[in-house]
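Q: Just passing along the structure, written as C-alpha cells.
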Amino acid sequence: MQVNRFNSHLLCSQFAAREIVQALKKNKYLTLCMASGHSPALACEWLVRYIQEENIDYSGLFFIGLDEWVALPAANPGSCYYSFLHWLIKPLQLPETQYHLFNGEADNLEEECLRMGEIIAAHNGIDIMLVGIGMNGHIGFNEPGTPFNTLCFVAELEAVTVDVGKKYFTQTEVPNRGITIGLGHLTEAGAVYLIANGEHKAAVIKQAVEGEVGTGFPASILQQHKNAFVLVDEAAAGLLKKE
Ligand code: F6R
C-alpha cells in the first residue's frame, strides 16, 4: 500500500482521475468500480472532463457501482444510482451495455448480489476501484466484522453509518441496510484507490494506514493489497506519522 499526500482535495481528485485515464489508455476494456458519496465526486467530475477534453476512447469502458442503499428508490437524490447517473452515465452518455448498478429495490436481493458477481466475473474481475472510507472504517457497505473474502452481500448497517448517511438525504429516515460488492472482490481488483479529505477523516485514515490489519477495521485490508493507494489531502493526512 502506498500513501499519496496532496495539498488539496482537488489535486488528490485530479490525480485519481488521471490514473484512471492512463489505465483506460493502456486498456480500452477497463472495468472501473466506484463508490458514490462525497469523497470521489470531484475525481469523477475530473474523469469525465479529461475523457471529454482529451477525446479518450471509452467505448470499451465498463462501469460498476460499488453499492446501494436497500429499498431506496433510484430516483432519490441520495441514492448511489442517482449520483452515478448524474456524475458519469449522463455526461458520458454511457449505454446500458457499459454499466451495471445495484438495484436496491430488487425483490430478491440475493439474486441481485449473484448477478453483480456474475457481471464482475464476466469482465474478468475489476481493474480499478475508487473508494471512500466510512467513519467506522467501512469500504462500500463492508462494515466492521465483514470477512475479507466476502463477495457481494446485503449488509446491516451500523448506527454510525446510518447517522452519517443523513448527509445524503433530505428525508429524515435513512435505510439501515446496504447492498454492496464485498472485500473479496476488492482483494482481487487490479488496483484500489481510496480517497479521503478533511480533518474528520484523519483518525480513520490513521487507523487504516497504521493500525492493525483485521476485519474490525475493514479499510485496513488495503495494507495487504498488492496494489493499493491511499490518496489524502493535508487535513485527512493530519494524524499520519511524518514521512
Ligand atoms: C458510498 C460508499 C461508502 C462511502 C463512505 C464515505 O457509495 O461506498 O463506503 O465511500 O461512507 O462517504 P463520504 O465519501 O461521503 O465521506
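A note on labels: chains of the C-alpha cells are A, B, ... as shown, every chain counts residues from 1, and ligands are counted from 1 in their shown order.
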Mind listing the residues within 7 Å of ligand 1, only C-alpha atoms and all ligand atoms counted, as a VMD selection string?
A: chain A and resid 35 to 40 66 to 68 80 131 to 135 138 to 141 161
Q: Report as CSV: every residue of stretch 73-109 of chain A with an atom at most 12 Å from stretch 172-186 of chain A, its closest pair of atoms, and their distance in Å to one decimal, counting only C-alpha atoms, with rows sorted by chain and ascending residue number.
A:
```
residue,atom,partner,partner_atom,distance
A:Pro73,CA,A:Pro175,CA,10.9
A:Asn76,CA,A:Val174,CA,11.5
A:Gly78,CA,A:Val174,CA,9.5
A:Ser79,CA,A:Pro175,CA,10.3
A:Cys80,CA,A:Gly178,CA,10.7
A:His100,CA,A:Ile181,CA,12.0
A:Leu101,CA,A:Thr180,CA,10.2
A:Phe102,CA,A:Ile179,CA,7.3
A:Asn103,CA,A:Ile179,CA,8.6
A:Gly104,CA,A:Ile179,CA,6.7
A:Glu105,CA,A:Ile179,CA,10.0
A:Ala106,CA,A:Ile179,CA,10.3
A:Asn108,CA,A:Ile179,CA,11.4
A:Leu109,CA,A:Ile179,CA,7.7
```
Q: Go ahead and save the picked residues with N, CA and C atoms, as a PDB file, in the first residue's frame.
A:
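File written: out26.pdb
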```
ATOM      1  N   PRO A  73     -35.520   4.192  -3.543  1.00  0.00           N
ATOM      2  CA  PRO A  73     -35.777   4.365  -4.982  1.00  0.00           C
ATOM      3  C   PRO A  73     -34.582   5.018  -5.679  1.00  0.00           C
ATOM      4  N   ASN A  76     -34.285   8.761  -5.846  1.00  0.00           N
ATOM      5  CA  ASN A  76     -33.965   9.570  -4.663  1.00  0.00           C
ATOM      6  C   ASN A  76     -32.567  10.171  -4.843  1.00  0.00           C
ATOM      7  N   GLY A  78     -30.382  10.889  -2.966  1.00  0.00           N
ATOM      8  CA  GLY A  78     -29.381  10.311  -2.059  1.00  0.00           C
ATOM      9  C   GLY A  78     -28.911   8.938  -2.494  1.00  0.00           C
ATOM     10  N   SER A  79     -29.536   8.378  -3.535  1.00  0.00           N
ATOM     11  CA  SER A  79     -29.140   7.019  -3.948  1.00  0.00           C
ATOM     12  C   SER A  79     -27.821   7.061  -4.718  1.00  0.00           C
ATOM     13  N   CYS A  80     -27.117   5.949  -4.661  1.00  0.00           N
ATOM     14  CA  CYS A  80     -25.866   5.850  -5.421  1.00  0.00           C
ATOM     15  C   CYS A  80     -26.189   5.905  -6.914  1.00  0.00           C
ATOM     16  N   HIS A 100     -23.228  -1.289 -14.857  1.00  0.00           N
ATOM     17  CA  HIS A 100     -24.170  -2.051 -14.031  1.00  0.00           C
ATOM     18  C   HIS A 100     -24.181  -1.483 -12.617  1.00  0.00           C
ATOM     19  N   LEU A 101     -25.377  -1.187 -12.159  1.00  0.00           N
ATOM     20  CA  LEU A 101     -25.541  -0.647 -10.804  1.00  0.00           C
ATOM     21  C   LEU A 101     -26.504  -1.551 -10.048  1.00  0.00           C
ATOM     22  N   PHE A 102     -26.290  -1.692  -8.746  1.00  0.00           N
ATOM     23  CA  PHE A 102     -27.226  -2.476  -7.934  1.00  0.00           C
ATOM     24  C   PHE A 102     -28.603  -1.823  -7.964  1.00  0.00           C
ATOM     25  N   ASN A 103     -29.638  -2.688  -7.968  1.00  0.00           N
ATOM     26  CA  ASN A 103     -30.991  -2.193  -7.774  1.00  0.00           C
ATOM     27  C   ASN A 103     -31.352  -2.451  -6.314  1.00  0.00           C
ATOM     28  N   GLY A 104     -31.305  -1.401  -5.529  1.00  0.00           N
ATOM     29  CA  GLY A 104     -31.569  -1.531  -4.096  1.00  0.00           C
ATOM     30  C   GLY A 104     -33.018  -1.871  -3.794  1.00  0.00           C
ATOM     31  N   GLU A 105     -33.869  -1.752  -4.810  1.00  0.00           N
ATOM     32  CA  GLU A 105     -35.295  -2.055  -4.619  1.00  0.00           C
ATOM     33  C   GLU A 105     -35.663  -3.446  -5.154  1.00  0.00           C
ATOM     34  N   ALA A 106     -34.668  -4.211  -5.545  1.00  0.00           N
ATOM     35  CA  ALA A 106     -34.950  -5.538  -6.121  1.00  0.00           C
ATOM     36  C   ALA A 106     -35.729  -6.391  -5.116  1.00  0.00           C
ATOM     37  N   ASN A 108     -35.618  -9.611  -4.953  1.00  0.00           N
ATOM     38  CA  ASN A 108     -34.720 -10.651  -4.471  1.00  0.00           C
ATOM     39  C   ASN A 108     -33.277 -10.108  -4.438  1.00  0.00           C
ATOM     40  N   LEU A 109     -32.894  -9.684  -3.271  1.00  0.00           N
ATOM     41  CA  LEU A 109     -31.571  -9.043  -3.153  1.00  0.00           C
ATOM     42  C   LEU A 109     -30.433 -10.057  -3.291  1.00  0.00           C
TER      43      LEU A 109
END
```
Q: Counting only C-alpha atoms, what is within 12 Å of A:Gln22, bar same-chain residues fewer than 3 positions away, as a VMD selection string?
A: chain A and resid 15 to 19 25 to 28 30 47 50 to 51 54 56 to 58 128
Q: Looking at A:Asn142, A:Thr215, A:Leu151, A:Ala159, which one is nearest to A:Glu110, with distances taken over only C-alpha atoms?
A: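 Distance minimum relative to A:Glu110 lands on A:Leu151.
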Q: DSSP on the backbone: what in stretch 29-205 of chain A comes out strand (DSSP E), as a PyMOL selection string?
A: chain A and resi 31-34+62-65+67-69+99-100+128-131+153-156+177-180+191-196
Q: Could you check which of A:Val192, A:Leu94, A:Leu42, A:Cys113 is closest to A:Ala219, using only C-alpha atoms?
A: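 Closest to A:Ala219 of all the choices is A:Val192.
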Q: Please give the complete set of residues from stretch 152-221 of chain A that DSSP, run on the backbone, assigns to helix (DSSP H, G or I), formatted as a PDB file with all heavy atoms, in the first residue's frame.
A:
```pdb
ATOM      1  N   ALA A 159     -25.032   1.854  13.381  1.00  0.00           N
ATOM      2  CA  ALA A 159     -25.721   3.119  13.700  1.00  0.00           C
ATOM      3  C   ALA A 159     -24.938   4.320  13.169  1.00  0.00           C
ATOM      4  O   ALA A 159     -25.525   5.269  12.640  1.00  0.00           O
ATOM      5  CB  ALA A 159     -25.920   3.217  15.207  1.00  0.00           C
ATOM      6  N   VAL A 160     -23.611   4.269  13.252  1.00  0.00           N
ATOM      7  CA  VAL A 160     -22.808   5.413  12.797  1.00  0.00           C
ATOM      8  C   VAL A 160     -22.951   5.629  11.285  1.00  0.00           C
ATOM      9  O   VAL A 160     -23.005   6.769  10.804  1.00  0.00           O
ATOM     10  CB  VAL A 160     -21.319   5.264  13.222  1.00  0.00           C
ATOM     11  CG1 VAL A 160     -20.680   4.031  12.606  1.00  0.00           C
ATOM     12  CG2 VAL A 160     -20.521   6.501  12.852  1.00  0.00           C
ATOM     13  N   THR A 161     -23.064   4.542  10.541  1.00  0.00           N
ATOM     14  CA  THR A 161     -23.209   4.654   9.078  1.00  0.00           C
ATOM     15  C   THR A 161     -24.567   5.265   8.735  1.00  0.00           C
ATOM     16  O   THR A 161     -24.663   6.134   7.862  1.00  0.00           O
ATOM     17  CB  THR A 161     -23.054   3.262   8.425  1.00  0.00           C
ATOM     18  OG1 THR A 161     -21.737   2.770   8.738  1.00  0.00           O
ATOM     19  CG2 THR A 161     -23.238   3.313   6.929  1.00  0.00           C
ATOM     20  N   VAL A 162     -25.593   4.819   9.447  1.00  0.00           N
ATOM     21  CA  VAL A 162     -26.937   5.364   9.217  1.00  0.00           C
ATOM     22  C   VAL A 162     -26.948   6.843   9.604  1.00  0.00           C
ATOM     23  O   VAL A 162     -27.466   7.694   8.873  1.00  0.00           O
ATOM     24  CB  VAL A 162     -27.986   4.564  10.035  1.00  0.00           C
ATOM     25  CG1 VAL A 162     -29.358   5.207   9.935  1.00  0.00           C
ATOM     26  CG2 VAL A 162     -28.027   3.114   9.554  1.00  0.00           C
ATOM     27  N   ASP A 163     -26.318   7.144  10.707  1.00  0.00           N
ATOM     28  CA  ASP A 163     -26.308   8.515  11.204  1.00  0.00           C
ATOM     29  C   ASP A 163     -25.554   9.454  10.242  1.00  0.00           C
ATOM     30  O   ASP A 163     -26.071  10.501   9.839  1.00  0.00           O
ATOM     31  CB  ASP A 163     -25.654   8.516  12.593  1.00  0.00           C
ATOM     32  CG  ASP A 163     -25.948   9.799  13.326  1.00  0.00           C
ATOM     33  OD1 ASP A 163     -27.101  10.257  13.243  1.00  0.00           O
ATOM     34  OD2 ASP A 163     -25.017  10.363  13.935  1.00  0.00           O
ATOM     35  N   VAL A 164     -24.363   9.035   9.839  1.00  0.00           N
ATOM     36  CA  VAL A 164     -23.568   9.850   8.902  1.00  0.00           C
ATOM     37  C   VAL A 164     -24.298   9.939   7.563  1.00  0.00           C
ATOM     38  O   VAL A 164     -24.249  10.957   6.874  1.00  0.00           O
ATOM     39  CB  VAL A 164     -22.140   9.261   8.721  1.00  0.00           C
ATOM     40  CG1 VAL A 164     -21.377  10.014   7.639  1.00  0.00           C
ATOM     41  CG2 VAL A 164     -21.365   9.318  10.028  1.00  0.00           C
ATOM     42  N   GLY A 165     -25.024   8.856   7.215  1.00  0.00           N
ATOM     43  CA  GLY A 165     -25.743   8.799   5.938  1.00  0.00           C
ATOM     44  C   GLY A 165     -26.803   9.891   5.795  1.00  0.00           C
ATOM     45  O   GLY A 165     -27.207  10.210   4.676  1.00  0.00           O
ATOM     46  N   LYS A 166     -27.204  10.493   6.908  1.00  0.00           N
ATOM     47  CA  LYS A 166     -28.230  11.556   6.854  1.00  0.00           C
ATOM     48  C   LYS A 166     -27.796  12.707   5.949  1.00  0.00           C
ATOM     49  O   LYS A 166     -28.624  13.422   5.398  1.00  0.00           O
ATOM     50  CB  LYS A 166     -28.502  12.096   8.261  1.00  0.00           C
ATOM     51  CG  LYS A 166     -29.285  11.147   9.131  1.00  0.00           C
ATOM     52  CD  LYS A 166     -29.502  11.733  10.510  1.00  0.00           C
ATOM     53  CE  LYS A 166     -30.143  10.682  11.398  1.00  0.00           C
ATOM     54  NZ  LYS A 166     -29.819  10.869  12.814  1.00  0.00           N
ATOM     55  N   LYS A 167     -26.472  12.858   5.794  1.00  0.00           N
ATOM     56  CA  LYS A 167     -25.981  13.981   4.980  1.00  0.00           C
ATOM     57  C   LYS A 167     -26.389  13.857   3.511  1.00  0.00           C
ATOM     58  O   LYS A 167     -26.391  14.833   2.776  1.00  0.00           O
ATOM     59  CB  LYS A 167     -24.458  14.116   5.099  1.00  0.00           C
ATOM     60  CG  LYS A 167     -23.664  12.960   4.496  1.00  0.00           C
ATOM     61  CD  LYS A 167     -22.158  13.158   4.677  1.00  0.00           C
ATOM     62  CE  LYS A 167     -21.374  11.983   4.126  1.00  0.00           C
ATOM     63  NZ  LYS A 167     -19.936  12.123   4.226  1.00  0.00           N
ATOM     64  N   TYR A 168     -26.730  12.636   3.079  1.00  0.00           N
ATOM     65  CA  TYR A 168     -27.084  12.445   1.664  1.00  0.00           C
ATOM     66  C   TYR A 168     -28.568  12.672   1.389  1.00  0.00           C
ATOM     67  O   TYR A 168     -28.972  12.732   0.228  1.00  0.00           O
ATOM     68  CB  TYR A 168     -26.765  11.008   1.206  1.00  0.00           C
ATOM     69  CG  TYR A 168     -25.348  10.552   1.454  1.00  0.00           C
ATOM     70  CD1 TYR A 168     -25.085   9.413   2.208  1.00  0.00           C
ATOM     71  CD2 TYR A 168     -24.258  11.251   0.929  1.00  0.00           C
ATOM     72  CE1 TYR A 168     -23.789   8.977   2.427  1.00  0.00           C
ATOM     73  CE2 TYR A 168     -22.960  10.818   1.151  1.00  0.00           C
ATOM     74  CZ  TYR A 168     -22.739   9.683   1.904  1.00  0.00           C
ATOM     75  OH  TYR A 168     -21.457   9.251   2.125  1.00  0.00           O
ATOM     76  N   LEU A 183     -15.411  -7.391   0.102  1.00  0.00           N
ATOM     77  CA  LEU A 183     -13.963  -7.187   0.159  1.00  0.00           C
ATOM     78  C   LEU A 183     -13.196  -8.251  -0.626  1.00  0.00           C
ATOM     79  O   LEU A 183     -12.040  -8.035  -1.004  1.00  0.00           O
ATOM     80  CB  LEU A 183     -13.508  -7.165   1.623  1.00  0.00           C
ATOM     81  CG  LEU A 183     -14.093  -6.003   2.438  1.00  0.00           C
ATOM     82  CD1 LEU A 183     -13.738  -6.159   3.917  1.00  0.00           C
ATOM     83  CD2 LEU A 183     -13.607  -4.649   1.907  1.00  0.00           C
ATOM     84  N   GLY A 184     -13.836  -9.384  -0.884  1.00  0.00           N
ATOM     85  CA  GLY A 184     -13.193 -10.416  -1.700  1.00  0.00           C
ATOM     86  C   GLY A 184     -12.930  -9.894  -3.110  1.00  0.00           C
ATOM     87  O   GLY A 184     -11.861 -10.137  -3.691  1.00  0.00           O
ATOM     88  N   HIS A 185     -13.891  -9.164  -3.649  1.00  0.00           N
ATOM     89  CA  HIS A 185     -13.703  -8.576  -4.988  1.00  0.00           C
ATOM     90  C   HIS A 185     -12.646  -7.480  -4.950  1.00  0.00           C
ATOM     91  O   HIS A 185     -11.892  -7.301  -5.907  1.00  0.00           O
ATOM     92  CB  HIS A 185     -15.027  -8.005  -5.516  1.00  0.00           C
ATOM     93  CG  HIS A 185     -16.000  -9.061  -5.914  1.00  0.00           C
ATOM     94  ND1 HIS A 185     -15.736  -9.995  -6.889  1.00  0.00           N
ATOM     95  CD2 HIS A 185     -17.242  -9.356  -5.461  1.00  0.00           C
ATOM     96  CE1 HIS A 185     -16.761 -10.803  -7.033  1.00  0.00           C
ATOM     97  NE2 HIS A 185     -17.692 -10.447  -6.176  1.00  0.00           N
ATOM     98  N   LEU A 186     -12.609  -6.749  -3.842  1.00  0.00           N
ATOM     99  CA  LEU A 186     -11.601  -5.688  -3.706  1.00  0.00           C
ATOM    100  C   LEU A 186     -10.197  -6.310  -3.662  1.00  0.00           C
ATOM    101  O   LEU A 186      -9.263  -5.810  -4.300  1.00  0.00           O
ATOM    102  CB  LEU A 186     -11.882  -4.871  -2.443  1.00  0.00           C
ATOM    103  CG  LEU A 186     -10.885  -3.763  -2.107  1.00  0.00           C
ATOM    104  CD1 LEU A 186     -11.630  -2.524  -1.603  1.00  0.00           C
ATOM    105  CD2 LEU A 186      -9.863  -4.193  -1.069  1.00  0.00           C
ATOM    106  N   THR A 187     -10.071  -7.415  -2.953  1.00  0.00           N
ATOM    107  CA  THR A 187      -8.770  -8.097  -2.877  1.00  0.00           C
ATOM    108  C   THR A 187      -8.280  -8.478  -4.271  1.00  0.00           C
ATOM    109  O   THR A 187      -7.089  -8.367  -4.580  1.00  0.00           O
ATOM    110  CB  THR A 187      -8.897  -9.378  -2.011  1.00  0.00           C
ATOM    111  OG1 THR A 187      -9.344  -8.979  -0.723  1.00  0.00           O
ATOM    112  CG2 THR A 187      -7.591 -10.120  -1.895  1.00  0.00           C
ATOM    113  N   GLU A 188      -9.228  -8.902  -5.104  1.00  0.00           N
ATOM    114  CA  GLU A 188      -8.874  -9.361  -6.453  1.00  0.00           C
ATOM    115  C   GLU A 188      -8.699  -8.210  -7.447  1.00  0.00           C
ATOM    116  O   GLU A 188      -8.210  -8.430  -8.557  1.00  0.00           O
ATOM    117  CB  GLU A 188      -9.971 -10.297  -6.992  1.00  0.00           C
ATOM    118  CG  GLU A 188     -10.166 -11.576  -6.171  1.00  0.00           C
ATOM    119  CD  GLU A 188      -8.929 -12.455  -6.199  1.00  0.00           C
ATOM    120  OE1 GLU A 188      -8.309 -12.562  -7.266  1.00  0.00           O
ATOM    121  OE2 GLU A 188      -8.572 -13.008  -5.140  1.00  0.00           O
ATOM    122  N   GLU A 199     -10.442  17.003   7.858  1.00  0.00           N
ATOM    123  CA  GLU A 199      -9.955  16.655   9.195  1.00  0.00           C
ATOM    124  C   GLU A 199     -10.768  15.523   9.824  1.00  0.00           C
ATOM    125  O   GLU A 199     -10.236  14.706  10.575  1.00  0.00           O
ATOM    126  CB  GLU A 199     -10.068  17.919  10.053  1.00  0.00           C
ATOM    127  CG  GLU A 199      -9.123  17.975  11.202  1.00  0.00           C
ATOM    128  CD  GLU A 199      -9.333  19.250  12.018  1.00  0.00           C
ATOM    129  OE1 GLU A 199      -9.787  20.282  11.457  1.00  0.00           O
ATOM    130  OE2 GLU A 199      -9.056  19.179  13.230  1.00  0.00           O
ATOM    131  N   HIS A 200     -12.069  15.486   9.502  1.00  0.00           N
ATOM    132  CA  HIS A 200     -12.915  14.448  10.118  1.00  0.00           C
ATOM    133  C   HIS A 200     -12.510  13.041   9.689  1.00  0.00           C
ATOM    134  O   HIS A 200     -12.908  12.068  10.318  1.00  0.00           O
ATOM    135  CB  HIS A 200     -14.396  14.714   9.796  1.00  0.00           C
ATOM    136  CG  HIS A 200     -14.745  14.614   8.346  1.00  0.00           C
ATOM    137  ND1 HIS A 200     -14.195  15.437   7.373  1.00  0.00           N
ATOM    138  CD2 HIS A 200     -15.565  13.766   7.684  1.00  0.00           C
ATOM    139  CE1 HIS A 200     -14.678  15.098   6.202  1.00  0.00           C
ATOM    140  NE2 HIS A 200     -15.507  14.093   6.362  1.00  0.00           N
ATOM    141  N   LYS A 201     -11.709  12.938   8.628  1.00  0.00           N
ATOM    142  CA  LYS A 201     -11.266  11.614   8.166  1.00  0.00           C
ATOM    143  C   LYS A 201      -9.869  11.253   8.700  1.00  0.00           C
ATOM    144  O   LYS A 201      -9.374  10.152   8.456  1.00  0.00           O
ATOM    145  CB  LYS A 201     -11.253  11.564   6.631  1.00  0.00           C
ATOM    146  CG  LYS A 201     -12.637  11.592   5.978  1.00  0.00           C
ATOM    147  CD  LYS A 201     -13.366  10.283   6.143  1.00  0.00           C
ATOM    148  CE  LYS A 201     -14.801  10.300   5.658  1.00  0.00           C
ATOM    149  NZ  LYS A 201     -14.966  10.159   4.240  1.00  0.00           N
ATOM    150  N   ALA A 202      -9.227  12.179   9.413  1.00  0.00           N
ATOM    151  CA  ALA A 202      -7.832  11.945   9.821  1.00  0.00           C
ATOM    152  C   ALA A 202      -7.673  10.698  10.697  1.00  0.00           C
ATOM    153  O   ALA A 202      -6.749   9.904  10.491  1.00  0.00           O
ATOM    154  CB  ALA A 202      -7.283  13.178  10.536  1.00  0.00           C
ATOM    155  N   ALA A 203      -8.568  10.500  11.648  1.00  0.00           N
ATOM    156  CA  ALA A 203      -8.428   9.358  12.574  1.00  0.00           C
ATOM    157  C   ALA A 203      -8.642   8.030  11.840  1.00  0.00           C
ATOM    158  O   ALA A 203      -7.911   7.061  12.080  1.00  0.00           O
ATOM    159  CB  ALA A 203      -9.409   9.503  13.735  1.00  0.00           C
ATOM    160  N   VAL A 204      -9.622   7.982  10.962  1.00  0.00           N
ATOM    161  CA  VAL A 204      -9.871   6.705  10.262  1.00  0.00           C
ATOM    162  C   VAL A 204      -8.760   6.415   9.246  1.00  0.00           C
ATOM    163  O   VAL A 204      -8.409   5.260   9.014  1.00  0.00           O
ATOM    164  CB  VAL A 204     -11.282   6.626   9.604  1.00  0.00           C
ATOM    165  CG1 VAL A 204     -12.351   6.436  10.661  1.00  0.00           C
ATOM    166  CG2 VAL A 204     -11.582   7.792   8.697  1.00  0.00           C
ATOM    167  N   ILE A 205      -8.203   7.458   8.673  1.00  0.00           N
ATOM    168  CA  ILE A 205      -7.076   7.241   7.749  1.00  0.00           C
ATOM    169  C   ILE A 205      -5.870   6.706   8.525  1.00  0.00           C
ATOM    170  O   ILE A 205      -5.198   5.771   8.092  1.00  0.00           O
ATOM    171  CB  ILE A 205      -6.738   8.555   6.986  1.00  0.00           C
ATOM    172  CG1 ILE A 205      -7.772   8.807   5.896  1.00  0.00           C
ATOM    173  CG2 ILE A 205      -5.333   8.519   6.384  1.00  0.00           C
ATOM    174  CD1 ILE A 205      -7.857   7.730   4.800  1.00  0.00           C
ATOM    175  N   LYS A 206      -5.640   7.267   9.694  1.00  0.00           N
ATOM    176  CA  LYS A 206      -4.514   6.774  10.513  1.00  0.00           C
ATOM    177  C   LYS A 206      -4.705   5.295  10.828  1.00  0.00           C
ATOM    178  O   LYS A 206      -3.781   4.494  10.688  1.00  0.00           O
ATOM    179  CB  LYS A 206      -4.403   7.588  11.806  1.00  0.00           C
ATOM    180  CG  LYS A 206      -3.192   7.199  12.637  1.00  0.00           C
ATOM    181  CD  LYS A 206      -3.036   8.066  13.860  1.00  0.00           C
ATOM    182  CE  LYS A 206      -1.830   7.664  14.698  1.00  0.00           C
ATOM    183  NZ  LYS A 206      -0.551   7.788  14.003  1.00  0.00           N
ATOM    184  N   GLN A 207      -5.926   4.939  11.222  1.00  0.00           N
ATOM    185  CA  GLN A 207      -6.162   3.539  11.584  1.00  0.00           C
ATOM    186  C   GLN A 207      -6.056   2.613  10.365  1.00  0.00           C
ATOM    187  O   GLN A 207      -5.518   1.513  10.452  1.00  0.00           O
ATOM    188  CB  GLN A 207      -7.531   3.388  12.249  1.00  0.00           C
ATOM    189  CG  GLN A 207      -7.616   2.113  13.060  1.00  0.00           C
ATOM    190  CD  GLN A 207      -8.844   2.041  13.939  1.00  0.00           C
ATOM    191  OE1 GLN A 207      -9.458   3.067  14.243  1.00  0.00           O
ATOM    192  NE2 GLN A 207      -9.208   0.829  14.337  1.00  0.00           N
ATOM    193  N   ALA A 208      -6.532   3.096   9.226  1.00  0.00           N
ATOM    194  CA  ALA A 208      -6.462   2.276   8.004  1.00  0.00           C
ATOM    195  C   ALA A 208      -5.010   2.029   7.590  1.00  0.00           C
ATOM    196  O   ALA A 208      -4.644   0.934   7.173  1.00  0.00           O
ATOM    197  CB  ALA A 208      -7.221   2.961   6.871  1.00  0.00           C
ATOM    198  N   VAL A 209      -4.198   3.060   7.734  1.00  0.00           N
ATOM    199  CA  VAL A 209      -2.830   3.011   7.215  1.00  0.00           C
ATOM    200  C   VAL A 209      -1.833   2.453   8.233  1.00  0.00           C
ATOM    201  O   VAL A 209      -0.936   1.689   7.884  1.00  0.00           O
ATOM    202  CB  VAL A 209      -2.407   4.438   6.776  1.00  0.00           C
ATOM    203  CG1 VAL A 209      -0.932   4.503   6.441  1.00  0.00           C
ATOM    204  CG2 VAL A 209      -3.236   4.896   5.588  1.00  0.00           C
ATOM    205  N   GLU A 210      -2.018   2.833   9.501  1.00  0.00           N
ATOM    206  CA  GLU A 210      -1.015   2.469  10.515  1.00  0.00           C
ATOM    207  C   GLU A 210      -1.540   1.495  11.563  1.00  0.00           C
ATOM    208  O   GLU A 210      -0.770   0.973  12.367  1.00  0.00           O
ATOM    209  CB  GLU A 210      -0.514   3.744  11.221  1.00  0.00           C
ATOM    210  CG  GLU A 210       0.222   4.679  10.283  1.00  0.00           C
ATOM    211  CD  GLU A 210       0.519   6.044  10.914  1.00  0.00           C
ATOM    212  OE1 GLU A 210       0.208   6.251  12.106  1.00  0.00           O
ATOM    213  OE2 GLU A 210       1.038   6.907  10.198  1.00  0.00           O
ATOM    214  N   PRO A 218     -12.358  -2.532   8.398  1.00  0.00           N
ATOM    215  CA  PRO A 218     -12.287  -3.022   7.018  1.00  0.00           C
ATOM    216  C   PRO A 218     -11.229  -2.350   6.130  1.00  0.00           C
ATOM    217  O   PRO A 218     -10.559  -3.039   5.346  1.00  0.00           O
ATOM    218  CB  PRO A 218     -13.703  -2.767   6.486  1.00  0.00           C
ATOM    219  CG  PRO A 218     -14.563  -2.811   7.712  1.00  0.00           C
ATOM    220  CD  PRO A 218     -13.735  -2.250   8.829  1.00  0.00           C
ATOM    221  N   ALA A 219     -11.065  -1.046   6.254  1.00  0.00           N
ATOM    222  CA  ALA A 219     -10.123  -0.364   5.348  1.00  0.00           C
ATOM    223  C   ALA A 219      -8.672  -0.790   5.578  1.00  0.00           C
ATOM    224  O   ALA A 219      -7.815  -0.563   4.716  1.00  0.00           O
ATOM    225  CB  ALA A 219     -10.254   1.153   5.483  1.00  0.00           C
ATOM    226  N   SER A 220      -8.402  -1.440   6.705  1.00  0.00           N
ATOM    227  CA  SER A 220      -7.035  -1.923   6.949  1.00  0.00           C
ATOM    228  C   SER A 220      -6.646  -2.985   5.924  1.00  0.00           C
ATOM    229  O   SER A 220      -5.472  -3.286   5.748  1.00  0.00           O
ATOM    230  CB  SER A 220      -6.901  -2.477   8.374  1.00  0.00           C
ATOM    231  OG  SER A 220      -7.714  -3.632   8.539  1.00  0.00           O
ATOM    232  N   ILE A 221      -7.643  -3.557   5.244  1.00  0.00           N
ATOM    233  CA  ILE A 221      -7.373  -4.564   4.209  1.00  0.00           C
ATOM    234  C   ILE A 221      -6.418  -4.018   3.143  1.00  0.00           C
ATOM    235  O   ILE A 221      -5.681  -4.757   2.508  1.00  0.00           O
ATOM    236  CB  ILE A 221      -8.695  -5.056   3.551  1.00  0.00           C
ATOM    237  CG1 ILE A 221      -8.446  -6.323   2.731  1.00  0.00           C
ATOM    238  CG2 ILE A 221      -9.347  -3.974   2.694  1.00  0.00           C
ATOM    239  CD1 ILE A 221      -9.717  -6.945   2.159  1.00  0.00           C
TER     240      ILE A 221
END
```
Q: Using only C-alpha atoms, which residue out of A:Trp46, A:Phe62, A:Phe148, A:Phe229 lies closest to A:Pro91?
A: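 Using only C-alpha atoms, A:Pro91 sits closest to A:Trp46.
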Q: Calculate how many Å separate atom CA of A:Asn227 from atom CA of A:Gly190, rounding to one decimal.
A: 6.8 Å
